Structure formats: structure tokens, C-alpha cells
Amino acid sequence: AGQGPAEVLLTAGAAEGFVLLARALSGVRRPVVVHPQFTEPEAALHAAGHRVERVLLDPRDGFRLHPDRVPADADLVVVGNPTNPTSVLHPAETVAALARPGRVLVVDEAFADTTVDAAGTAEPETLAHRRDLPGLVVVRSLTKTWGLAGLRIGYLLGPAGLLDRLAAAQPLWAVSTPALVAATACATRTAVATEREIARRLAADRAHLVHRLADLPRVRVAAPPASAFVLLEIPGADRVRLALRERGWAVRRGDTFPGLGPDWIRVAVRDPATTDNFVSVLAETMEA
């Protein structure tokens, strides 16, 4: 995205970035986390002694982001794009509207490499290239597409002065040699081109999943999905999830995400054959 070395901070996974932000920004007065989303940013803030406010997006509005709902005096705002678990991809300009002087805007783009628009453009709503937005920190992961979660490798993009503060809070030797080797491999032109092709195939597989789910009258796709998973609302989803597990299918429960509840589950996008099998089992489970 054109950043210099001082504007990039390698971390032991994207999750370490949230811990560094929470610890280094001890003077934050009004941190706000936009939910439903990945819960580790809020957990890191709580662990560092912050009192966190939540802005809950409305499922009946497709979990759309409305910048005016975030308190004007919030000096730290955390939002995911695309968001886990909703799979919603917010327009870049909508997210950018949250930036302002005196505020640190943290955008979790851990799943950005899974997104592609209708024209095939990769990462259409990323802010990774934006250097004009005050206080913007973009959190990225190098492990989602490649299935490397155990290596713990991610990075932050942001103003050099702010990243210096975060680096000062980082343990020595935070990123292992195997993780650095993986990061180098994932940054090659061949890897980037392959990653984008995977995202395009994922879009087709996701469309197939959504199409098949439309055949199930009690299942509602929460919003147009843009990532590697789809959030579903199903009456009694907590019981459906356990029944699926008994039949060998694992789905993510939704009630641990703020703003959701027992009628929500998240399912992964898989190849069409696996999707067809899953939807058949889901239908049978709901009828039982």
C-alpha cells in the first residue's frame, strides 16, 4: 500500500495488535467498540483497565454501520471490515467517516484478503492505502487465507509516531523466525496473485451457499456476506448447533458475540459439494 517501514508494525498475530493498542493508549477516555464483531479487541481493552462502550449494529438493518451513532467524543473506535461474525463489508467511505483529529480509529481488516467486488477487484473497501485519515490504524492478518493461525503473524499500518508507542509496549522478539519466513512468502507477487484468485473462487462458493440456504424457509441470512463465513438467524439455533455437532458438523455459536443471541450461528464457506451436504443435514436437523 506504499507505507514506509516506520508505518508498519509486525505483530504476533492481529490479536497482539489489539493488546498493544489497549496497553499503549492508556490515556484514552472513551473507547468504543462497534458490535457484533470479534471480541478480542474489547477483551484487551478491559484487561488494560479501560471502560468500554458498545455501539450495537441492528440486524434488521443488515448490520449497517452508521457513523453518527458513534459518540462524537469517542477517542478510540474499533470496527471490523469485513466484520466477524456478520460477514458484512462496510463501504470504505463510511468507515473513513469515523476518523477525526484526536481519535484513534482501529479498523480490523483481518479478513480483507477474502473480499472481492462484482468486477473481481480484490479488497474493494480496504483503508490500508489511506494516509490522509488522522489516527487511522489498520489491523491485518497474514494467516486467514493460508490457514496459518498457529504461526501468529499479522501487522498494523498507521502513523509512525503512534506505531512507535505501540512498539514500545511490545515484548522483545514478538514475531518468530518461522512467522517472518511465512510473512515473506505471503508477500510475494505469486502469493498475492494466488490469494486474489482464492478470493474470487470463494465468492462463487459463497454465492452457492447463500443460494442453497434460500431453500430453507426458517433460515435467514443476516446480511449480504462478503467474507469466508455467513451469519444465519435460525429459531432455536442453539439446539440446531448441538444437533449438527452430533452429526459431525461444527458451526460457530452466535450468542457469545455482543448484539447476537441463541438464534444465531456462523457457518463457513466451503466447496459446493460440502455445502450441498451441509444444507441437506441442516434441513434434516431442523425438521427433526
# chains A, B, ... in the order shown; residues from 1 in each chain; ligands from 1
$ closest_atom_pairs --of "segment 138-239 of chain A" --to "segment 30-43 of chain A" --cutoff "12 Å" --atoms "only C-alpha atoms" --output "JSON lines"
{"residue": "A:Val139", "atom": "CA", "partner": "A:Pro41", "partner_atom": "CA", "distance": 10.9}
{"residue": "A:Ala222", "atom": "CA", "partner": "A:Pro36", "partner_atom": "CA", "distance": 11.9}
{"residue": "A:Leu231", "atom": "CA", "partner": "A:Pro36", "partner_atom": "CA", "distance": 11.0}
$ write_last_selection --atoms "all heavy atoms" --output "compact mmCIF listing (two decimals), in the first residue's frame"
# COMPACT_ATOMS: atom_id res chain seq x y z
N VAL A 139 -5.54 -3.01 11.11
CA VAL A 139 -5.03 -4.28 11.64
C VAL A 139 -5.22 -5.35 10.57
O VAL A 139 -6.32 -5.55 10.07
CB VAL A 139 -5.77 -4.68 12.92
CG1 VAL A 139 -5.19 -5.98 13.48
CG2 VAL A 139 -5.70 -3.56 13.96
N ALA A 222 -28.22 -13.12 7.49
CA ALA A 222 -28.35 -11.86 8.21
C ALA A 222 -28.16 -10.64 7.33
O ALA A 222 -28.84 -9.62 7.49
CB ALA A 222 -27.35 -11.83 9.36
N LEU A 231 -23.41 -15.44 8.39
CA LEU A 231 -24.15 -15.43 9.66
C LEU A 231 -25.61 -15.73 9.38
O LEU A 231 -26.23 -15.12 8.52
CB LEU A 231 -24.01 -14.06 10.33
CG LEU A 231 -24.68 -13.92 11.70
CD1 LEU A 231 -24.02 -14.84 12.72
CD2 LEU A 231 -24.64 -12.47 12.17
$ residues_around --residues "segment 242-256 of chain A" --least-positions-apart "5" --cutoff "6 Å" --atoms "only C-alpha atoms" --output "PDB file with C-alpha atoms, in the first residue's frame"
ATOM      1  CA  GLY A 261     -28.149 -14.379  20.853  1.00  0.00           C
ATOM      2  CA  PRO A 262     -29.083 -18.065  20.836  1.00  0.00           C
ATOM      3  CA  TRP A 264     -27.623 -17.087  15.571  1.00  0.00           C
ATOM      4  CA  ILE A 265     -24.898 -19.289  14.114  1.00  0.00           C
ATOM      5  CA  ARG A 266     -21.982 -18.619  11.795  1.00  0.00           C
ATOM      6  CA  VAL A 267     -21.138 -21.114   9.052  1.00  0.00           C
TER       7      VAL A 267
END
$ residues_around --residues "segment 163-172 of chain A" --least-positions-apart "5" --cutoff "9 Å" --atoms "only C-alpha atoms" --output "ChimeraX atom specification"
/A:6-9,11,16-17,20-21,23-25,137,156-158
$ write_last_selection --atoms "C-alpha atoms" --output "PDB file, in the first residue's frame"
ATOM      1  CA  ALA A   6       8.088   3.139  10.130  1.00  0.00           C
ATOM      2  CA  GLU A   7       4.385   2.897   9.260  1.00  0.00           C
ATOM      3  CA  VAL A   8       4.256  -0.916   9.572  1.00  0.00           C
ATOM      4  CA  LEU A   9       4.497  -2.923  12.786  1.00  0.00           C
ATOM      5  CA  THR A  11       2.860  -8.486  15.416  1.00  0.00           C
ATOM      6  CA  GLU A  16      -1.465  -8.883  19.597  1.00  0.00           C
ATOM      7  CA  GLY A  17      -2.165  -5.579  17.888  1.00  0.00           C
ATOM      8  CA  LEU A  20      -0.669  -3.282  22.205  1.00  0.00           C
ATOM      9  CA  LEU A  21      -3.275  -0.635  21.428  1.00  0.00           C
ATOM     10  CA  ARG A  23      -1.857  -1.037  26.753  1.00  0.00           C
ATOM     11  CA  ALA A  24      -0.090   1.787  24.951  1.00  0.00           C
ATOM     12  CA  LEU A  25      -3.131   4.079  24.732  1.00  0.00           C
ATOM     13  CA  VAL A 137      -4.667   2.110  12.418  1.00  0.00           C
ATOM     14  CA  LEU A 156      -0.501  -2.890  11.895  1.00  0.00           C
ATOM     15  CA  LEU A 157      -0.496   0.027   9.460  1.00  0.00           C
ATOM     16  CA  GLY A 158      -0.583   3.526  10.909  1.00  0.00           C
TER      17      GLY A 158
END
$ residues_around --residues "Gly13 of chain A" --least-positions-apart "3" --cutoff "7 Å" --atoms "only C-alpha atoms" --output "VMD selection string"
chain A and resid 16 141 152 to 154
$ residues_around --residues "Thr86 of chain A" --least-positions-apart "2" --cutoff "12 Å" --atoms "only C-alpha atoms" --output "PyMOL selection string"
chain A and resi 35-38+57-59+62-65+80-84+88-90+111+221-233+252+254+257-260+264-268
$ residues_around --residues "Ala179 of chain A" --least-positions-apart "5" --cutoff "12 Å" --atoms "only C-alpha atoms" --output "PyMOL selection string"
chain A and resi 10-13+141-143+148-155+173-174+184-186
$ atom_distance --atom1 "atom CA of Gly147 of chain A" --atom2 "atom CA of Ala182 of chain A"
11.2 Å
$ closest_residue --among "A:Val281, A:Leu202, A:Asp263, A:Arg29" --to "Glu53 of chain A" --atoms "only C-alpha atoms"
A:Arg29
$ select_by_dssp --residues "segment 12-176 of chain A" --states "strand (DSSP E or B)" --output "PyMOL selection string"
chain A and resi 31-35+53-56+76-80+104-108+116+122+136-141+154-157
$ atom_distance --atom1 "atom CA of Val79 of chain A" --atom2 "atom CA of Leu136 of chain A"
11.4 Å
$ closest_residue --among "A:Gln3, A:Asp73, A:Ser26, A:Val106" --to "His129 of chain A" --atoms "only C-alpha atoms"
A:Gln3
$ select_by_dssp --residues "segment 47-288 of chain A" --states "helix (DSSP H, G or I)" --output "JSON, numbers by chain"
{"A": [47, 59, 60, 61, 67, 68, 69, 92, 93, 94, 95, 96, 112, 113, 114, 149, 150, 151, 160, 161, 162, 163, 164, 165, 166, 167, 168, 177, 178, 179, 180, 181, 182, 183, 184, 185, 186, 189, 190, 191, 192, 193, 194, 195, 196, 197, 198, 199, 200, 201, 202, 203, 204, 205, 206, 207, 208, 209, 210, 211, 212, 213, 237, 238, 239, 240, 241, 242, 243, 244, 245, 246, 272, 273, 274, 275, 276, 277, 278, 279, 280, 281, 282, 283, 284, 285, 286, 287]}
$ atom_distance --atom1 "atom CA of Ala22 of chain A" --atom2 "atom CA of Leu45 of chain A"
4.9 Å
$ closest_residue --among "A:Val192, A:Val28, A:Leu213, A:Ala160" --to "Arg51 of chain A" --atoms "only C-alpha atoms"
A:Val28
$ residues_around --residues "Glu125 of chain A" --least-positions-apart "6" --cutoff "10 Å" --atoms "only C-alpha atoms" --output "ChimeraX atom specification"
/A:81-82,89-95,109,112,115-117
